[in-house]
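model_4.cif (mmCIF, C-alpha atoms and all ligand atoms)
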data_final
loop_
_atom_site.label_atom_id
_atom_site.label_comp_id
_atom_site.auth_asym_id
_atom_site.auth_seq_id
_atom_site.Cartn_x
_atom_site.Cartn_y
_atom_site.Cartn_z
CA MET B 1326 3.20 -14.25 13.20
CA LYS B 1327 -0.12 -14.22 14.97
CA LYS B 1328 1.15 -12.23 17.91
CA PHE B 1329 3.08 -9.91 15.68
CA VAL B 1330 0.14 -8.89 13.51
CA CYS B 1331 -2.06 -8.40 16.56
CA ALA B 1332 0.55 -6.02 17.90
CA LEU B 1333 0.47 -4.30 14.54
CA LEU B 1334 -3.29 -3.88 14.76
CA ALA B 1335 -2.95 -2.34 18.22
CA GLY B 1336 -0.29 -0.07 16.81
CA VAL B 1337 -2.54 1.05 14.01
CA MET B 1338 -5.35 1.82 16.38
CA SER B 1339 -3.13 4.05 18.46
CA MET B 1340 -1.59 5.64 15.40
CA SER B 1341 -2.11 9.15 16.76
CA LEU B 1342 0.14 8.27 19.69
CA LEU B 1343 2.90 7.04 17.47
CA ALA B 1344 3.78 10.54 16.31
CA GLY B 1345 4.69 9.59 12.78
CA CYS B 1346 5.95 6.09 13.50
CA GLY B 1347 9.62 6.79 13.79
CA SER B 1348 9.88 9.29 11.02
CA LYS B 1349 10.43 12.98 11.41
CA PRO B 1350 7.79 15.42 10.29
CA THR B 1351 8.76 16.96 7.00
CA GLU B 1352 10.47 20.29 7.60
CA PRO B 1353 10.51 23.09 5.08
CA ASP B 1354 13.61 22.83 2.93
CA ALA B 1355 15.61 26.06 2.76
CA ASN B 1356 16.86 25.07 -0.71
CA ALA B 1357 13.43 24.38 -2.13
CA PRO B 1358 12.20 26.86 -4.71
CA ALA B 1359 9.60 29.33 -3.52
CA ASP B 1360 6.93 27.61 -5.61
CA GLY B 1361 6.85 24.85 -3.02
CA GLY B 1362 9.26 22.51 -4.72
CA GLU B 1363 7.29 21.47 -7.76
CA ASN B 1364 9.53 19.82 -10.31
CA ASN B 1365 12.61 19.80 -8.13
CA THR B 1366 13.95 16.30 -8.05
CA THR B 1367 14.37 15.48 -4.43
CA ALA B 1368 14.54 18.41 -2.02
CA GLY B 1369 18.20 18.02 -1.19
CA GLU B 1370 19.88 14.80 -0.18
CA THR B 1371 16.85 13.24 1.46
CA LEU B 1372 14.44 10.97 -0.38
CA ARG B 1373 11.13 11.67 1.32
CA MET B 1374 9.04 8.54 1.03
CA VAL B 1375 5.43 8.26 2.17
CA THR B 1376 3.49 5.08 2.83
CA ASN B 1377 0.62 3.63 4.86
CA ALA B 1378 2.30 1.29 7.34
CA ALA B 1379 -0.72 -0.94 7.96
CA PHE B 1380 -0.11 -3.19 4.98
CA ALA B 1381 2.13 -6.05 6.10
CA PRO B 1382 4.35 -7.45 4.74
CA TYR B 1383 4.86 -4.47 2.40
CA GLU B 1384 4.89 -1.96 5.25
CA PHE B 1385 4.26 -2.19 8.95
CA VAL B 1386 5.50 -0.61 12.14
CA ASP B 1387 8.13 -2.84 13.76
CA ASP B 1388 8.85 -3.39 17.44
CA ASN B 1389 11.07 -0.29 17.47
CA GLY B 1390 8.30 1.90 16.10
CA GLU B 1391 10.02 2.14 12.71
CA VAL B 1392 8.35 1.55 9.35
CA ALA B 1393 9.67 -1.79 8.06
CA GLY B 1394 8.79 -4.30 5.33
CA ILE B 1395 9.29 -4.89 1.62
CA ASP B 1396 8.72 -1.30 0.50
CA ALA B 1397 10.92 0.16 3.25
CA GLU B 1398 13.76 -2.17 2.22
CA ILE B 1399 13.35 -1.54 -1.51
CA ALA B 1400 13.24 2.22 -0.87
CA ALA B 1401 16.40 1.96 1.27
CA ALA B 1402 18.16 0.11 -1.55
CA ILE B 1403 17.03 2.73 -4.08
CA ALA B 1404 18.12 5.60 -1.80
CA GLU B 1405 21.52 3.96 -1.39
CA LYS B 1406 21.93 3.73 -5.17
CA LEU B 1407 20.98 7.39 -5.45
CA GLY B 1408 23.34 8.42 -2.65
CA MET B 1409 20.45 9.82 -0.66
CA LYS B 1410 19.18 9.53 2.88
CA LEU B 1411 15.76 7.86 3.19
CA GLU B 1412 13.06 9.40 5.36
CA ILE B 1413 9.75 7.52 5.70
CA THR B 1414 6.51 9.15 6.79
CA ASP B 1415 3.45 7.06 7.64
CA MET B 1416 0.02 8.42 6.67
CA ALA B 1417 -3.45 7.33 5.57
CA PHE B 1418 -3.46 5.59 2.19
CA GLU B 1419 -5.77 8.21 0.71
CA SER B 1420 -3.34 10.99 1.73
CA LEU B 1421 -0.43 9.54 -0.28
CA LEU B 1422 -1.25 10.95 -3.71
CA PRO B 1423 -2.04 14.44 -2.31
CA ALA B 1424 1.30 14.40 -0.40
CA LEU B 1425 3.14 13.78 -3.64
CA GLN B 1426 1.12 16.33 -5.58
CA SER B 1427 1.66 19.07 -2.98
CA GLY B 1428 5.42 18.45 -3.05
CA SER B 1429 5.65 17.44 0.61
CA ALA B 1430 6.91 14.00 -0.46
CA ASP B 1431 9.17 12.75 -3.27
CA ILE B 1432 8.05 9.16 -3.65
CA ILE B 1433 5.32 6.71 -2.67
CA LEU B 1434 6.04 3.05 -2.02
CA ALA B 1435 2.88 1.57 -0.57
CA GLY B 1436 2.05 -1.63 -2.41
CA MET B 1437 0.40 0.84 -4.72
CA THR B 1438 -1.29 -0.53 -7.81
CA VAL B 1439 -0.63 1.11 -11.16
CA ASN B 1440 -3.89 2.27 -12.73
CA ALA B 1441 -5.05 4.78 -15.29
CA GLU B 1442 -6.87 7.01 -12.81
CA ARG B 1443 -3.76 7.47 -10.66
CA GLN B 1444 -1.60 7.95 -13.74
CA GLU B 1445 -3.48 11.21 -14.33
CA SER B 1446 -2.02 12.71 -11.15
CA VAL B 1447 1.36 10.95 -10.63
CA ASP B 1448 4.01 9.12 -12.64
CA PHE B 1449 4.63 5.46 -11.85
CA THR B 1450 8.03 3.79 -11.98
CA ASP B 1451 8.51 0.35 -13.48
CA SER B 1452 6.68 -2.33 -11.52
CA TYR B 1453 8.61 -4.20 -8.80
CA ALA B 1454 5.95 -6.66 -7.54
CA LYS B 1455 2.55 -8.18 -8.31
CA GLY B 1456 -0.60 -8.01 -6.25
CA VAL B 1457 -3.93 -9.81 -6.36
CA GLN B 1458 -7.18 -8.57 -4.87
CA VAL B 1459 -8.71 -11.37 -2.81
CA ILE B 1460 -11.83 -11.83 -0.72
CA ILE B 1461 -11.68 -12.60 3.02
CA VAL B 1462 -14.80 -14.14 4.59
CA PRO B 1463 -15.59 -15.84 7.90
CA GLU B 1464 -15.11 -19.62 7.80
CA GLY B 1465 -18.49 -21.13 6.96
CA SER B 1466 -19.63 -18.10 4.97
CA GLU B 1467 -22.00 -18.77 2.07
CA ILE B 1468 -19.87 -16.43 -0.04
CA ALA B 1469 -17.75 -18.61 -2.34
CA GLY B 1470 -16.65 -16.15 -5.03
CA PRO B 1471 -17.00 -12.59 -6.35
CA ASP B 1472 -20.52 -13.21 -7.73
CA ASP B 1473 -21.79 -14.05 -4.26
CA LEU B 1474 -20.85 -10.55 -3.07
CA ASN B 1475 -24.04 -9.24 -4.68
CA GLY B 1476 -26.31 -7.86 -1.98
CA LYS B 1477 -23.61 -8.16 0.68
CA GLN B 1478 -21.75 -5.53 2.69
CA ILE B 1479 -18.10 -5.38 1.65
CA GLY B 1480 -15.35 -3.86 3.81
CA VAL B 1481 -12.52 -2.10 1.97
CA GLN B 1482 -9.65 0.24 2.71
CA THR B 1483 -10.52 3.78 1.62
CA GLY B 1484 -9.13 4.81 -1.75
CA THR B 1485 -7.61 1.44 -2.66
CA THR B 1486 -8.23 -0.46 -5.85
CA GLY B 1487 -10.39 -2.87 -3.82
CA ASP B 1488 -12.55 0.14 -2.92
CA GLN B 1489 -12.63 1.31 -6.55
CA TYR B 1490 -13.66 -2.10 -7.96
CA CYS B 1491 -16.29 -2.88 -5.35
CA SER B 1492 -17.94 0.56 -5.24
CA ASP B 1493 -18.12 0.79 -9.03
CA THR B 1494 -21.50 0.33 -10.72
CA PRO B 1495 -22.76 -3.19 -11.50
CA GLU B 1496 -22.41 -2.39 -15.23
CA ASN B 1497 -18.68 -1.94 -14.61
CA GLY B 1498 -18.36 -5.13 -12.57
CA GLY B 1499 -18.80 -3.49 -9.15
CA PHE B 1500 -21.49 -3.74 -6.50
CA GLY B 1501 -22.35 -0.04 -6.06
CA GLU B 1502 -21.59 2.55 -3.37
CA ASP B 1503 -24.20 1.15 -0.97
CA ALA B 1504 -22.44 -2.24 -0.87
CA VAL B 1505 -19.18 -0.77 0.43
CA GLN B 1506 -18.07 0.14 3.95
CA ARG B 1507 -14.77 2.06 4.01
CA TYR B 1508 -12.08 1.81 6.68
CA ASP B 1509 -8.78 3.64 7.18
CA ASN B 1510 -6.76 0.44 6.80
CA GLY B 1511 -7.02 -3.30 6.27
CA PRO B 1512 -6.82 -4.30 9.96
CA LEU B 1513 -9.81 -2.06 10.73
CA ALA B 1514 -11.80 -3.59 7.83
CA VAL B 1515 -11.02 -7.06 9.17
CA ALA B 1516 -12.04 -5.99 12.69
CA ALA B 1517 -15.41 -4.99 11.18
CA LEU B 1518 -15.66 -8.41 9.50
CA LEU B 1519 -15.03 -10.13 12.83
CA ASN B 1520 -17.73 -7.95 14.44
CA GLY B 1521 -20.22 -8.90 11.72
CA GLN B 1522 -20.47 -5.33 10.44
CA VAL B 1523 -19.50 -6.48 6.95
CA ASP B 1524 -19.83 -9.86 5.19
CA ALA B 1525 -16.48 -9.84 3.37
CA VAL B 1526 -13.31 -7.79 2.97
CA VAL B 1527 -11.65 -7.19 -0.40
CA ILE B 1528 -7.93 -6.51 -0.05
CA ASP B 1529 -4.52 -7.38 -1.54
CA ASN B 1530 -3.40 -11.00 -1.13
CA GLU B 1531 -0.28 -10.60 1.02
CA PRO B 1532 -1.90 -8.33 3.65
CA ALA B 1533 -4.89 -10.72 3.49
CA LYS B 1534 -2.63 -13.65 4.38
CA ALA B 1535 -1.15 -11.73 7.33
CA LEU B 1536 -4.60 -10.68 8.56
CA VAL B 1537 -6.08 -14.18 8.29
CA ALA B 1538 -3.05 -15.63 10.08
CA ALA B 1539 -3.57 -13.11 12.89
CA ASN B 1540 -7.26 -13.77 13.41
CA GLU B 1541 -9.15 -17.00 14.09
CA GLY B 1542 -12.15 -17.96 11.99
CA LEU B 1543 -11.36 -16.25 8.70
CA LYS B 1544 -10.38 -17.59 5.29
CA ILE B 1545 -9.31 -16.29 1.89
CA LEU B 1546 -11.42 -17.45 -1.06
CA ASP B 1547 -9.60 -19.27 -3.84
CA THR B 1548 -11.21 -17.10 -6.49
CA ALA B 1549 -9.00 -14.06 -6.85
CA TYR B 1550 -10.62 -10.80 -7.77
CA THR B 1551 -8.00 -9.27 -10.07
CA ASP B 1552 -4.24 -9.17 -10.79
CA GLU B 1553 -2.28 -5.94 -10.36
CA ASP B 1554 1.19 -4.42 -10.70
CA TYR B 1555 2.75 -2.55 -7.79
CA ALA B 1556 5.05 0.39 -8.51
CA ALA B 1557 6.52 3.44 -6.82
CA ALA B 1558 5.06 6.82 -7.75
CA VAL B 1559 6.74 10.21 -8.14
CA GLN B 1560 5.37 13.69 -8.75
CA LYS B 1561 3.98 14.04 -12.26
CA GLY B 1562 6.65 15.43 -14.56
CA ASN B 1563 9.57 14.66 -12.24
CA THR B 1564 11.30 12.68 -14.97
CA GLU B 1565 14.70 13.23 -13.37
CA LEU B 1566 13.75 11.27 -10.25
CA LEU B 1567 11.63 8.82 -12.26
CA ASP B 1568 14.58 7.94 -14.50
CA LYS B 1569 16.96 7.60 -11.54
CA VAL B 1570 14.58 5.34 -9.64
CA ASN B 1571 13.92 3.21 -12.72
CA ALA B 1572 17.67 2.82 -13.30
CA ALA B 1573 18.15 1.83 -9.63
CA LEU B 1574 15.25 -0.63 -9.84
CA GLU B 1575 16.71 -2.20 -12.97
CA GLU B 1576 20.02 -2.80 -11.20
CA LEU B 1577 18.30 -4.09 -8.07
CA LYS B 1578 16.25 -6.52 -10.18
CA ALA B 1579 19.29 -7.67 -12.17
CA ASP B 1580 21.47 -8.35 -9.11
CA GLY B 1581 18.69 -10.24 -7.29
CA THR B 1582 18.15 -7.68 -4.50
CA ILE B 1583 14.43 -7.22 -5.21
CA ASP B 1584 13.82 -10.99 -5.33
CA GLU B 1585 15.74 -11.40 -2.07
CA ILE B 1586 13.68 -8.74 -0.31
CA LEU B 1587 10.40 -10.24 -1.61
CA ALA B 1588 11.44 -13.77 -0.60
CA LYS B 1589 12.34 -12.57 2.90
CA TYR B 1590 8.73 -11.52 3.53
CA ILE B 1591 6.61 -13.60 1.16
CA HIS B 1592 6.34 -17.34 1.78
CA GLU B 1593 4.02 -19.07 -0.65
N1 LIG B 1601 -2.77 -2.22 -3.95
C1 LIG B 1601 -3.87 -1.49 -3.41
C2 LIG B 1601 -3.96 -0.14 -4.05
O1 LIG B 1601 -3.05 0.35 -4.63
C3 LIG B 1601 -3.78 -1.34 -1.89
C4 LIG B 1601 -2.54 -0.65 -1.42
C5 LIG B 1601 -2.55 -0.36 0.07
O2 LIG B 1601 -3.56 -0.48 0.74
N2 LIG B 1601 -1.43 0.03 0.61
O3 LIG B 1601 -4.97 0.49 -3.98
#
Can you give me the file's structure in the form of structure tokens?
Amino acid sequence: MKKFVCALLAGVMSMSLLAGCGSKPTEPDANAPADGGENNTTAGETLRMVTNAAFAPYEFVDDNGEVAGIDAEIAAAIAEKLGMKLEITDMAFESLLPALQSGSADIILAGMTVNAERQESVDFTDSYAKGVQVIIVPEGSEIAGPDDLNGKQIGVQTGTTGDQYCSDTPENGGFGEDAVQRYDNGPLAVAALLNGQVDAVVIDNEPAKALVAANEGLKILDTAYTDEDYAAAVQKGNTELLDKVNAALEELKADGTIDEILAKYIHE
């Protein structure tokens, strides 16, 4: 595990060399309507998924340079149910919602948390997993819980719920903009923690476990920050795809496929 996640970090840092991490760049679809594809279900037979593959075990780049993990497997199972070919494109987390809105992608699976702000720009499917925001600190840190983050520098991944909570005003339970340092992905935030550039990192629990396992001298605090639901997202108003994906998810939950995929990657 340790070696694997280190390799992942190296992979993330040389992302520009990976040329899309095993996925083809999206090509214009000859069948797409001239308006750029808004409201069309799926742009042909391909389900164009986008994700940020620096979020193990939900998504990471495997030894073959392909995007793998829980979300890749769930998306493959959904695509199979829909009789579609799955194409995965890796991009920055903050680019995911714009990719969906512009019509260059059909679906996001990215350990993405359902929240009201995002619901204004995309439609979420039913939830398929739970997440918890946790705090990573160096072993021996005086930070023992969320309250101790006051006056500290907190590393987060840009545009995530961890970013939203921490950068919010103190009245809303946050620590303010000045308390937050933003990074393109979790591994980079943890690298900053190891360098002493931040005092803590707030991130989802499963990636936190992978990152702590990969790096000496870090621990996850017992006090969790908040519970969340993960879901896939589709373009707002694309009820045709939304309904199909929800029907597929229901079947995949009922026959145990989702539980199997989660159990393969998540060991309590
Ligand atoms: N669950 C968090 C969010 O939705 C982080 C997801 C991620 O970094 N891939 O903001």
Let me have all residues with an atom within 8 Å of ligand LIG 1601 (chain B), counting only C-alpha atoms and all ligand atoms, laid out as a PDB file with C-alpha atoms, in the coordinates of the input.
ATOM      1  CA  THR B1376       3.490   5.080   2.830  1.00  0.00           C
ATOM      2  CA  ASN B1377       0.620   3.630   4.860  1.00  0.00           C
ATOM      3  CA  ALA B1378       2.300   1.290   7.340  1.00  0.00           C
ATOM      4  CA  ALA B1379      -0.720  -0.940   7.960  1.00  0.00           C
ATOM      5  CA  PHE B1380      -0.110  -3.190   4.980  1.00  0.00           C
ATOM      6  CA  TYR B1383       4.860  -4.470   2.400  1.00  0.00           C
ATOM      7  CA  PHE B1418      -3.460   5.590   2.190  1.00  0.00           C
ATOM      8  CA  ALA B1435       2.880   1.570  -0.570  1.00  0.00           C
ATOM      9  CA  GLY B1436       2.050  -1.630  -2.410  1.00  0.00           C
ATOM     10  CA  MET B1437       0.400   0.840  -4.720  1.00  0.00           C
ATOM     11  CA  THR B1438      -1.290  -0.530  -7.810  1.00  0.00           C
ATOM     12  CA  VAL B1439      -0.630   1.110 -11.160  1.00  0.00           C
ATOM     13  CA  GLY B1456      -0.600  -8.010  -6.250  1.00  0.00           C
ATOM     14  CA  GLN B1458      -7.180  -8.570  -4.870  1.00  0.00           C
ATOM     15  CA  GLN B1482      -9.650   0.240   2.710  1.00  0.00           C
ATOM     16  CA  GLY B1484      -9.130   4.810  -1.750  1.00  0.00           C
ATOM     17  CA  THR B1485      -7.610   1.440  -2.660  1.00  0.00           C
ATOM     18  CA  THR B1486      -8.230  -0.460  -5.850  1.00  0.00           C
ATOM     19  CA  GLY B1487     -10.390  -2.870  -3.820  1.00  0.00           C
ATOM     20  CA  ASP B1488     -12.550   0.140  -2.920  1.00  0.00           C
ATOM     21  CA  ASN B1510      -6.760   0.440   6.800  1.00  0.00           C
ATOM     22  CA  GLY B1511      -7.020  -3.300   6.270  1.00  0.00           C
ATOM     23  CA  ILE B1528      -7.930  -6.510  -0.050  1.00  0.00           C
ATOM     24  CA  ASP B1529      -4.520  -7.380  -1.540  1.00  0.00           C
ATOM     25  CA  GLU B1553      -2.280  -5.940 -10.360  1.00  0.00           C
ATOM     26  CA  TYR B1555       2.750  -2.550  -7.790  1.00  0.00           C
TER      27      TYR B1555
END
- Message: Excluding B:Glu1502 and its own-chain neighbours fewer than 6 positions away, which residues fall within 9 Å of it when counting all atoms listed in the file? Please give them as an MDAnalysis selection string.
- Response: chainID B and resid 1491:1494
- atom CA of B:Ala1441 to atom CA of B:Glu1384, straight-line distance in Å: 23.8 Å
With all atoms of stretch 1548-1567 of chain B from the file as input, state the centre and edge lengths in Å to one decimal of the axis-aligned box that has 5 Å extra on each side, as AutoDock Vina command-line options.
--center_x 1.7 --center_y -0.8 --center_z -10.7 --size_x 35.9 --size_y 42.5 --size_z 18.5
- Of B:Asp1552, B:Asp1580, B:Asp1431, B:Asp1387, the one nearest to B:Thr1564 when counting all atoms listed in the file is B:Asp1431
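Here atom CA of B:Met1416 and atom CA of B:Asn1530 stand 21.2 Å from one another.
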- Query: Out of B:Val1457, B:Ile1432, B:Val1481, B:Leu1519, which residue has the shortest atom-to-atom distance to B:Ile1403 when counting all atoms listed in the file?
  - Reply: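 Of B:Val1457, B:Ile1432, B:Val1481, B:Leu1519, the one nearest B:Ile1403, counting all atoms listed in the file, is B:Ile1432.
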- One-decimal distance in Å that lies between atom CA of B:Ala1517 and atom CA of B:Pro1463: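 The value is 11.3 Å.
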- Message: For a cutoff of 6 Å around the file-coordinate point (1.0, 10.1, -7.3), which residues qualify once you count all atoms listed in the file? I'd like the result as a list in words.
- Response: Leu1422, Leu1425, Ser1446, Val1447, Ala1558, Val1559 and Gln1560 of chain B
- Query: Which neighbours of B:Lys1477 fall inside 10 Å, counting only C-alpha atoms, when residues of the same chain fewer than 4 positions from it are skipped, and could you give them as a PyMOL selection string?
  - Reply: chain B and resi 1468+1473+1500+1503-1505+1523-1525
- Message: Given all atoms listed in the file as the basis, pick out the residue of B:Ala1533, B:Ala1557, B:Ala1469, B:Tyr1550 nearest to B:Gly1499.
- Response: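 Under the stated criterion, the closest residue is B:Tyr1550.
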- Message: Could you check the closest approach to B:Val1462 for each of B:Gln1478, B:Ser1429, B:Thr1582, B:Asn1389 and tell me which residue wins, using only C-alpha atoms?
- Response: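 Among the listed residues, B:Gln1478 lies closest to B:Val1462.
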- Could you check which of B:Ile1461, B:Asn1475, B:Glu1370, B:Gly1498 is closest to B:Pro1512, using all atoms listed in the file?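 The shortest atom-to-atom distance to B:Pro1512 comes from B:Ile1461.
Using all atoms listed in the file for every distance, the candidate list B:Gln1522, B:Gln1506, B:Thr1551, B:Asn1563 yields B:Thr1551 as the residue closest to B:Val1459.
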- Task: Write out as a ChimeraX atom specification which residues come within 8 Å of B:Ala1430 when counting only C-alpha atoms, dropping same-chain ones fewer than 2 positions away.
- Result: /B:1373-1375,1424-1425,1427-1428,1432-1433
Write the residues of the preceding selection, restricted to C-alpha atoms, as a compact mmCIF listing (two decimals), in the coordinates of the input.
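Final file, result_5.txt:
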# COMPACT_ATOMS: atom_id res chain seq x y z
CA ARG B 1373 11.13 11.67 1.32
CA MET B 1374 9.04 8.54 1.03
CA VAL B 1375 5.43 8.26 2.17
CA ALA B 1424 1.30 14.40 -0.40
CA LEU B 1425 3.14 13.78 -3.64
CA SER B 1427 1.66 19.07 -2.98
CA GLY B 1428 5.42 18.45 -3.05
CA ILE B 1432 8.05 9.16 -3.65
CA ILE B 1433 5.32 6.71 -2.67
- Message: Residues within 8 Å of B:Gly1394, please, as a ChimeraX atom specification. Count all atoms listed in the file; anything in the same chain fewer than 4 positions from it doesn't count.
- Response: /B:1381-1385,1398,1590
